[in-house]
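Colleague: What follows is start_6.txt, made up of compact mmCIF, C-alpha atoms and all ligand atoms:
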```txt
# COMPACT_ATOMS: atom_id res chain seq x y z
CA MET H 10 34.82 -44.56 -52.73
CA THR H 11 34.32 -45.43 -56.38
CA ASP H 12 31.66 -48.09 -56.91
CA TYR H 13 33.27 -50.06 -59.76
CA SER H 14 30.47 -52.65 -59.85
CA SER H 15 27.87 -50.00 -60.61
CA LEU H 16 30.13 -48.41 -63.20
CA TYR H 17 30.66 -51.83 -64.86
CA LEU H 18 26.94 -52.62 -64.92
CA ASP H 19 26.13 -49.19 -66.32
CA LEU H 20 28.71 -49.60 -69.10
CA LEU H 21 27.44 -53.13 -69.73
CA LYS H 22 23.93 -51.77 -70.27
CA ARG H 23 25.24 -49.08 -72.63
CA SER H 24 27.16 -51.74 -74.58
CA LEU H 25 24.21 -54.16 -74.73
CA LEU H 26 22.08 -51.33 -76.12
CA ASN H 27 24.87 -50.26 -78.51
CA CYS H 28 24.55 -46.73 -77.17
CA VAL H 29 28.27 -46.11 -77.47
CA TYR H 30 28.33 -46.57 -81.27
CA LEU H 31 24.76 -45.59 -82.03
CA ASP H 32 25.70 -43.21 -84.84
CA ASN H 33 27.01 -46.18 -86.82
CA GLU H 34 23.50 -47.65 -86.87
CA LEU H 35 22.28 -44.41 -88.40
CA ARG H 36 25.15 -44.54 -90.91
CA ILE H 37 24.11 -48.01 -92.01
CA ILE H 38 20.49 -46.96 -92.47
CA TYR H 39 21.70 -43.95 -94.46
CA LEU H 40 23.92 -46.10 -96.70
CA ARG H 41 21.07 -48.59 -97.15
CA ASN H 42 18.84 -45.75 -98.29
CA CYS H 43 21.56 -44.53 -100.67
CA ILE H 44 21.82 -48.01 -102.20
CA ALA H 45 18.03 -48.20 -102.50
CA GLY H 46 18.08 -44.79 -104.22
CA SER H 47 15.90 -42.97 -101.67
CA GLU H 48 18.82 -40.76 -100.57
CA VAL H 49 21.80 -39.24 -102.35
CA PHE H 50 25.23 -40.03 -100.97
CA ASP H 51 27.01 -37.15 -99.28
CA ALA H 52 30.33 -37.80 -97.55
CA ARG H 53 29.69 -34.99 -95.07
CA ILE H 54 26.53 -36.68 -93.83
CA LEU H 55 28.30 -40.00 -93.48
CA HIS H 56 31.16 -38.41 -91.56
CA ASP H 57 29.11 -36.47 -89.00
CA ILE H 58 25.71 -38.10 -89.16
CA ARG H 59 24.97 -37.44 -85.48
CA HIS H 60 24.82 -33.70 -86.16
CA GLU H 61 23.80 -33.75 -89.82
CA ARG H 62 20.77 -35.87 -88.93
CA ALA H 63 20.19 -34.62 -85.39
CA ASP H 64 16.46 -35.46 -85.30
CA ALA H 65 17.00 -39.02 -86.47
CA TYR H 66 19.81 -39.45 -83.97
CA ALA H 67 17.59 -38.13 -81.16
CA GLU H 68 14.87 -40.63 -82.15
CA MET H 69 17.42 -43.40 -82.06
CA VAL H 70 18.66 -42.39 -78.59
CA ALA H 71 15.07 -42.26 -77.33
CA GLY H 72 14.44 -45.72 -78.80
CA ARG H 73 17.27 -47.16 -76.73
CA THR H 74 15.56 -45.87 -73.60
CA ASN H 75 12.03 -47.00 -74.39
CA GLY H 76 12.86 -50.12 -76.39
CA ARG H 77 11.22 -49.04 -79.64
CA PHE H 78 12.73 -49.68 -83.05
CA PHE H 79 13.82 -46.70 -85.13
CA GLY H 80 10.86 -45.65 -87.27
CA ARG H 81 8.84 -48.33 -85.40
CA ASP H 82 10.25 -50.77 -87.97
CA ILE H 83 11.78 -54.05 -86.84
CA ARG H 84 13.98 -53.94 -89.93
CA ASN H 85 15.80 -51.20 -88.05
CA ALA H 86 16.34 -53.49 -85.04
CA GLY H 87 19.96 -52.48 -85.40
CA TYR H 88 22.91 -53.97 -83.59
CA SER H 89 22.07 -53.88 -79.92
CA HIS H 90 22.19 -57.22 -78.11
CA THR H 91 18.81 -56.65 -76.47
CA MET H 92 15.72 -54.93 -77.75
CA ILE H 93 14.23 -54.18 -74.32
CA GLY H 94 15.61 -50.66 -73.87
CA ARG H 95 17.24 -48.99 -70.90
CA ALA H 96 14.08 -48.59 -68.78
CA ARG H 97 13.39 -52.34 -68.79
CA LEU H 98 17.07 -53.15 -68.40
CA ASP H 99 17.20 -50.90 -65.33
CA MET H 100 14.08 -52.62 -63.99
CA LEU H 101 15.67 -56.04 -64.57
CA HIS H 102 18.63 -54.76 -62.56
CA GLU H 103 16.35 -53.61 -59.72
CA CYS H 104 14.52 -56.95 -59.72
CA LEU H 105 17.85 -58.82 -59.49
CA ASP H 106 18.87 -56.58 -56.59
CA THR H 107 15.55 -57.29 -54.88
CA VAL H 108 15.70 -61.09 -55.05
CA VAL H 109 19.35 -61.09 -53.97
CA ARG H 110 18.76 -58.63 -51.12
CA ASP H 111 15.75 -60.61 -49.89
CA GLY H 112 17.51 -63.97 -50.21
CA VAL H 113 14.92 -65.40 -52.63
CA VAL H 114 16.26 -68.79 -53.62
CA GLY H 115 16.55 -70.02 -57.18
CA ASP H 116 17.85 -69.51 -60.67
CA PHE H 117 17.24 -66.82 -63.27
CA VAL H 118 15.29 -67.83 -66.37
CA GLU H 119 14.47 -66.00 -69.57
CA CYS H 120 11.96 -67.44 -72.06
CA GLY H 121 12.66 -65.72 -75.36
CA VAL H 122 16.18 -64.34 -75.54
CA TRP H 123 16.72 -63.15 -79.17
CA ARG H 124 20.40 -62.00 -79.21
CA GLY H 125 20.78 -62.83 -75.52
CA GLY H 126 21.24 -59.32 -74.09
CA SER H 127 18.97 -59.60 -71.05
CA CYS H 128 20.62 -62.89 -70.04
CA ILE H 129 24.06 -61.41 -70.70
CA PHE H 130 23.14 -58.65 -68.26
CA MET H 131 22.17 -61.30 -65.69
CA ALA H 132 25.57 -62.94 -66.25
CA GLY H 133 27.32 -59.58 -65.71
CA TYR H 134 25.27 -59.10 -62.56
CA LEU H 135 26.41 -62.47 -61.20
CA LYS H 136 29.98 -61.57 -62.10
CA VAL H 137 29.91 -58.61 -59.73
CA ASN H 138 28.04 -60.67 -57.11
CA PRO H 139 30.24 -63.79 -57.02
CA ALA H 140 28.67 -65.09 -53.81
CA GLU H 141 25.43 -65.66 -55.75
CA LYS H 142 25.66 -69.23 -57.05
CA ARG H 143 22.73 -69.14 -59.41
CA ARG H 144 22.27 -70.42 -62.92
CA ILE H 145 20.89 -68.53 -65.89
CA PHE H 146 18.58 -70.47 -68.19
CA VAL H 147 18.54 -69.16 -71.75
CA ALA H 148 15.42 -70.62 -73.39
CA ASP H 149 14.63 -70.06 -77.04
CA SER H 150 13.88 -71.94 -80.24
CA PHE H 151 16.87 -70.08 -81.71
CA GLN H 152 14.87 -70.05 -84.93
CA GLY H 153 12.36 -67.33 -84.15
CA LEU H 154 8.74 -67.52 -83.06
CA PRO H 155 6.41 -70.36 -83.97
CA ALA H 156 3.81 -69.62 -86.63
CA PRO H 157 0.45 -69.02 -84.93
CA SER H 158 -1.35 -72.27 -84.21
CA LEU H 159 -3.85 -71.29 -81.50
CA ALA H 160 -7.02 -69.35 -82.20
CA GLN H 161 -5.84 -66.67 -79.73
CA ASP H 162 -2.74 -66.02 -81.86
CA MET H 163 -4.39 -65.93 -85.26
CA GLY H 164 -3.35 -62.81 -87.13
CA LEU H 165 -0.11 -62.49 -85.16
CA ASP H 166 2.46 -64.19 -87.35
CA LEU H 167 5.93 -63.26 -86.06
CA SER H 168 7.56 -66.40 -87.42
CA LYS H 169 10.90 -66.45 -89.20
CA ALA H 170 9.20 -66.53 -92.62
CA VAL H 171 7.71 -63.09 -91.90
CA TYR H 172 10.26 -61.65 -89.45
CA PRO H 173 13.68 -63.21 -90.02
CA GLU H 174 15.09 -60.48 -87.74
CA LEU H 175 13.59 -62.28 -84.73
CA ALA H 176 15.44 -65.53 -85.43
CA VAL H 177 18.92 -65.70 -83.88
CA ASP H 178 20.74 -69.04 -83.75
CA ASP H 179 22.25 -70.37 -80.54
CA GLU H 180 25.83 -70.19 -81.82
CA THR H 181 25.44 -66.43 -82.29
CA VAL H 182 23.98 -66.04 -78.78
CA ARG H 183 26.84 -68.07 -77.30
CA GLU H 184 29.29 -65.82 -79.17
CA ASN H 185 27.50 -62.78 -77.79
CA PHE H 186 28.09 -64.02 -74.23
CA ALA H 187 31.73 -64.64 -75.14
CA VAL H 188 32.37 -61.16 -76.57
CA TYR H 189 31.48 -59.73 -73.15
CA GLY H 190 33.69 -62.31 -71.42
CA LEU H 191 30.56 -63.71 -69.78
CA ALA H 192 30.33 -67.25 -71.13
CA SER H 193 30.26 -69.64 -68.17
CA GLU H 194 28.98 -72.97 -66.94
CA ALA H 195 26.30 -71.14 -65.00
CA VAL H 196 24.67 -70.26 -68.33
CA VAL H 197 22.44 -73.11 -69.49
CA PHE H 198 20.96 -73.10 -72.99
CA ALA H 199 17.52 -74.68 -73.50
CA LYS H 200 17.09 -74.95 -77.25
CA GLY H 201 13.71 -75.75 -78.78
CA TRP H 202 10.06 -74.75 -78.62
CA PHE H 203 8.95 -73.79 -75.13
CA LYS H 204 6.27 -76.49 -75.05
CA ASP H 205 9.03 -79.11 -75.43
CA THR H 206 11.92 -77.62 -73.44
CA LEU H 207 10.38 -75.75 -70.50
CA PRO H 208 8.58 -78.67 -68.84
CA ARG H 209 11.98 -80.44 -68.73
CA LEU H 210 14.06 -77.45 -67.61
CA GLN H 211 16.61 -78.66 -65.06
CA THR H 212 15.70 -76.29 -62.27
CA ASP H 213 13.39 -76.68 -59.28
CA GLU H 214 13.51 -73.14 -57.96
CA ILE H 215 13.35 -69.89 -59.87
CA ALA H 216 14.05 -66.52 -58.26
CA LEU H 217 13.47 -64.46 -61.38
CA LEU H 218 11.45 -65.44 -64.44
CA ARG H 219 11.51 -63.21 -67.49
CA LEU H 220 8.83 -63.89 -70.12
CA ASP H 221 9.50 -62.47 -73.58
CA GLY H 222 7.85 -64.76 -76.12
CA ASP H 223 5.23 -62.29 -77.40
CA LEU H 224 2.51 -64.81 -78.34
CA TYR H 225 -0.41 -66.24 -76.33
CA GLU H 226 1.03 -69.72 -76.88
CA SER H 227 4.55 -68.77 -75.82
CA THR H 228 3.40 -66.88 -72.73
CA MET H 229 1.00 -69.65 -71.70
CA ASP H 230 3.60 -72.41 -72.27
CA SER H 231 6.12 -70.50 -70.14
CA LEU H 232 3.70 -69.91 -67.26
CA GLU H 233 2.34 -73.45 -67.28
CA ALA H 234 5.79 -75.00 -67.20
CA LEU H 235 7.53 -72.62 -64.81
CA TYR H 236 5.27 -70.49 -62.65
CA ASP H 237 4.88 -73.15 -59.97
CA LYS H 238 8.68 -73.26 -59.68
CA VAL H 239 8.95 -69.55 -58.92
CA SER H 240 9.98 -69.25 -55.27
CA PRO H 241 7.86 -67.33 -52.77
CA GLY H 242 8.89 -63.70 -53.14
CA GLY H 243 10.28 -64.43 -56.61
CA ILE H 244 9.76 -61.97 -59.43
CA VAL H 245 8.07 -62.50 -62.78
CA ILE H 246 8.76 -59.97 -65.51
CA ILE H 247 6.44 -59.86 -68.51
CA ASP H 248 7.97 -57.96 -71.38
CA ASP H 249 5.06 -58.01 -73.82
CA TYR H 250 2.11 -56.79 -71.80
CA ALA H 251 1.28 -54.30 -74.55
CA ILE H 252 0.48 -57.27 -76.81
CA GLU H 253 -3.15 -58.33 -76.38
CA GLN H 254 -2.32 -62.01 -76.93
CA CYS H 255 0.25 -61.95 -74.13
CA ARG H 256 -2.09 -60.15 -71.71
CA LEU H 257 -4.84 -62.66 -72.46
CA ALA H 258 -2.54 -65.60 -71.77
CA VAL H 259 -1.59 -64.16 -68.38
CA ALA H 260 -5.26 -63.54 -67.52
CA ASP H 261 -6.30 -67.04 -68.69
CA TYR H 262 -3.48 -68.70 -66.78
CA PHE H 263 -4.43 -67.15 -63.45
CA ALA H 264 -8.16 -67.67 -64.10
CA ARG H 265 -7.50 -71.38 -64.74
CA LYS H 266 -5.64 -71.60 -61.46
CA SER H 267 -8.53 -69.76 -59.81
CA ASN H 268 -6.04 -67.17 -58.62
CA ASP H 269 -6.47 -63.43 -58.72
CA LEU H 270 -4.44 -61.68 -61.38
CA PRO H 271 -1.32 -60.45 -59.54
CA MET H 272 -0.90 -56.73 -59.17
CA MET H 273 1.29 -55.67 -62.07
CA HIS H 274 3.89 -52.92 -61.72
CA LYS H 275 4.30 -51.00 -64.94
CA VAL H 276 7.81 -50.31 -66.22
CA ASP H 277 7.17 -48.56 -69.53
CA TRP H 278 4.74 -48.83 -72.44
CA THR H 279 4.94 -52.65 -72.45
CA GLY H 280 7.01 -54.07 -69.58
CA VAL H 281 5.41 -55.11 -66.29
CA TRP H 282 6.52 -57.17 -63.32
CA PHE H 283 5.00 -58.70 -60.23
CA ARG H 284 6.12 -60.56 -57.15
CA LYS H 285 4.88 -63.97 -56.17
CA ALA H 286 3.31 -63.93 -52.73
CA GLY H 287 5.19 -65.51 -49.90
C1 LIG C 1 11.01 -60.41 -78.59
S1 LIG C 1 12.25 -61.62 -78.75
C2 LIG C 1 13.05 -61.62 -77.17
C3 LIG C 1 13.85 -60.35 -76.85
C4 LIG C 1 14.92 -60.54 -75.79
N1 LIG C 1 14.40 -60.95 -74.53
C5 LIG C 1 15.80 -59.32 -75.61
O1 LIG C 1 16.29 -59.09 -74.47
O2 LIG C 1 16.06 -58.61 -76.57
C6 LIG C 1 11.32 -63.11 -78.71
C7 LIG C 1 12.12 -64.38 -78.70
O3 LIG C 1 11.28 -65.43 -78.24
C8 LIG C 1 11.53 -66.62 -78.97
N2 LIG C 1 10.30 -67.40 -78.90
C9 LIG C 1 9.03 -66.93 -78.92
N3 LIG C 1 8.14 -67.91 -78.77
C10 LIG C 1 8.84 -69.06 -78.62
C11 LIG C 1 8.48 -70.43 -78.38
N4 LIG C 1 7.19 -70.79 -78.30
N5 LIG C 1 9.45 -71.34 -78.24
C12 LIG C 1 10.76 -70.96 -78.31
N6 LIG C 1 11.17 -69.68 -78.54
C13 LIG C 1 10.22 -68.73 -78.68
C14 LIG C 1 11.95 -66.14 -80.34
O4 LIG C 1 12.77 -67.06 -81.00
C15 LIG C 1 12.68 -64.82 -80.04
O5 LIG C 1 14.07 -65.02 -79.91
```
Give the structure from the file, written as structure tokens.
Modeller:
Amino acid sequence: MTDYSSLYLDLLKRSLLNCVYLDNELRIIYLRNCIAGSEVFDARILHDIRHERADAYAEMVAGRTNGRFFGRDIRNAGYSHTMIGRARLDMLHECLDTVVRDGVVGDFVECGVWRGGSCIFMAGYLKVNPAEKRRIFVADSFQGLPAPSLAQDMGLDLSKAVYPELAVDDETVRENFAVYGLASEAVVFAKGWFKDTLPRLQTDEIALLRLDGDLYESTMDSLEALYDKVSPGGIVIIDDYAIEQCRLAVADYFARKSNDLPMMHKVDWTGVWFRKAG
């Protein structure tokens, strides 16, 4: 029998990653280069860029699997609705399956949502699992990352002034949910800096917590406000484990609690996840 739910979730992932229209991203980069004068316009290239620029296209396809920007340049972040790549999206899917299968109580929370894609996937997941009455908390400043203020973050300035690409306003994220037909009352926006919003988040139990705030400060603020609310058997996903500042925050948090560092399961070059004991 055809499993339409799996087909839907697979197509949702491909759409969130803009895999279906990926050659248009290459076209835009090509046209940008033509305008900047680094390439000469050729209508043939524009028409069939996938084959005319096969190597570049292959790099772009690979980037959608491993969540790396084309040319390792955030200015090529492109038009996908999530930057996490297929491997981490698949792992998010598996983690959702696990908490549902095991009856872990609680909501789904993401700290650091950018264009909203990971949370939109969670909303699609709930759509095909209508018995699951869970909420999705979408927490972000919606104006990019804070400028570094802690010693641990010095030298890592990802704020809007330096990286405007990382700042996506909440109206745009709400529209992104709507274009997939996934806007709903179960989706709760928490707008503001984590240190202000997360301690007041209106949830007592979290089944899945996704941390994607990059900085020491953002990771620490998320853990301090929310880790104790993660249910026994709940899953914590840390997207930025390749970033030293993020790793340090996780280590410091568990050291402060006098807890061992949980055993991390590696997803790809940066994503890890672990399960809370219980
Ligand atoms: C790497 S992006 C998140 C990517 C996203 N999870 C995805 O699926 O593509 C980081 C996001 O975290 C937000 N952010 C980082 N630190 C924050 C903080 N301390 N308070 C509020 N938002 C923060 C930024 O605004 C940005 O949208």
Colleague: What does the distance from atom CA of Gly72 of chain H to atom CA of Asn42 of chain H come to in Å, to one decimal?
Modeller: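 Separating atom CA of Gly72 of chain H from atom CA of Asn42 of chain H is a distance of 20.0 Å.
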Colleague: Taking only C-alpha atoms and all ligand atoms into account, report as number ranges by chain which residues have an atom no farther than 9 Å from an atom of ligand LIG 1 (chain C).
Modeller: H: 89-94, 98, 119-129, 148-155, 167-169, 175-178, 200-207, 219-224, 226-228, 230-231, 248-249
Colleague: Enter the distance from atom CA of Cys104 of chain H to atom CA of Gly87 of chain H, in Å, rounded to one decimal.
Modeller: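 Answer for the atom CA of Cys104 of chain H to atom CA of Gly87 of chain H separation: 26.6 Å.
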Colleague: Taking all atoms listed in the file into account, which of H:Phe117, H:Phe263, H:Tyr17, H:Phe79 comes nearest Tyr189 of chain H?
Modeller: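 Closest to Tyr189 of chain H, using all atoms listed in the file: H:Tyr17.
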Colleague: Please put the answer as AutoDock Vina command-line options: centre and edge lengths, in Å with one decimal, of a box along x, y and z that encloses all listed atoms of segment 71-88 of chain H plus 8 Å on each side.
Modeller:
```
--center_x 15.9 --center_y -48.2 --center_z -81.8 --size_x 30.1 --size_y 27.8 --size_z 32.3
```
Colleague: So which one's closest to Phe198 of chain H, H:Val49, H:Val182, H:Met131, H:Leu25? Using only C-alpha atoms, please.
Modeller: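 Nearest candidate to Phe198 of chain H out of H:Val49, H:Val182, H:Met131, H:Leu25: H:Val182.
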Colleague: Expressed in Å to a single decimal, how great is the separation between atom CA of Val197 of chain H and atom CA of Val147 of chain H?
Modeller: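 Straight-line distance from atom CA of Val197 of chain H to atom CA of Val147 of chain H works out to 6.0 Å.
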Colleague: Pick out the closest residue to Asp19 of chain H from this set: H:Glu141, H:Arg183, H:Asp213, H:Phe130. Count all atoms listed in the file.
Modeller: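 Closest to Asp19 of chain H of all the choices is H:Phe130.
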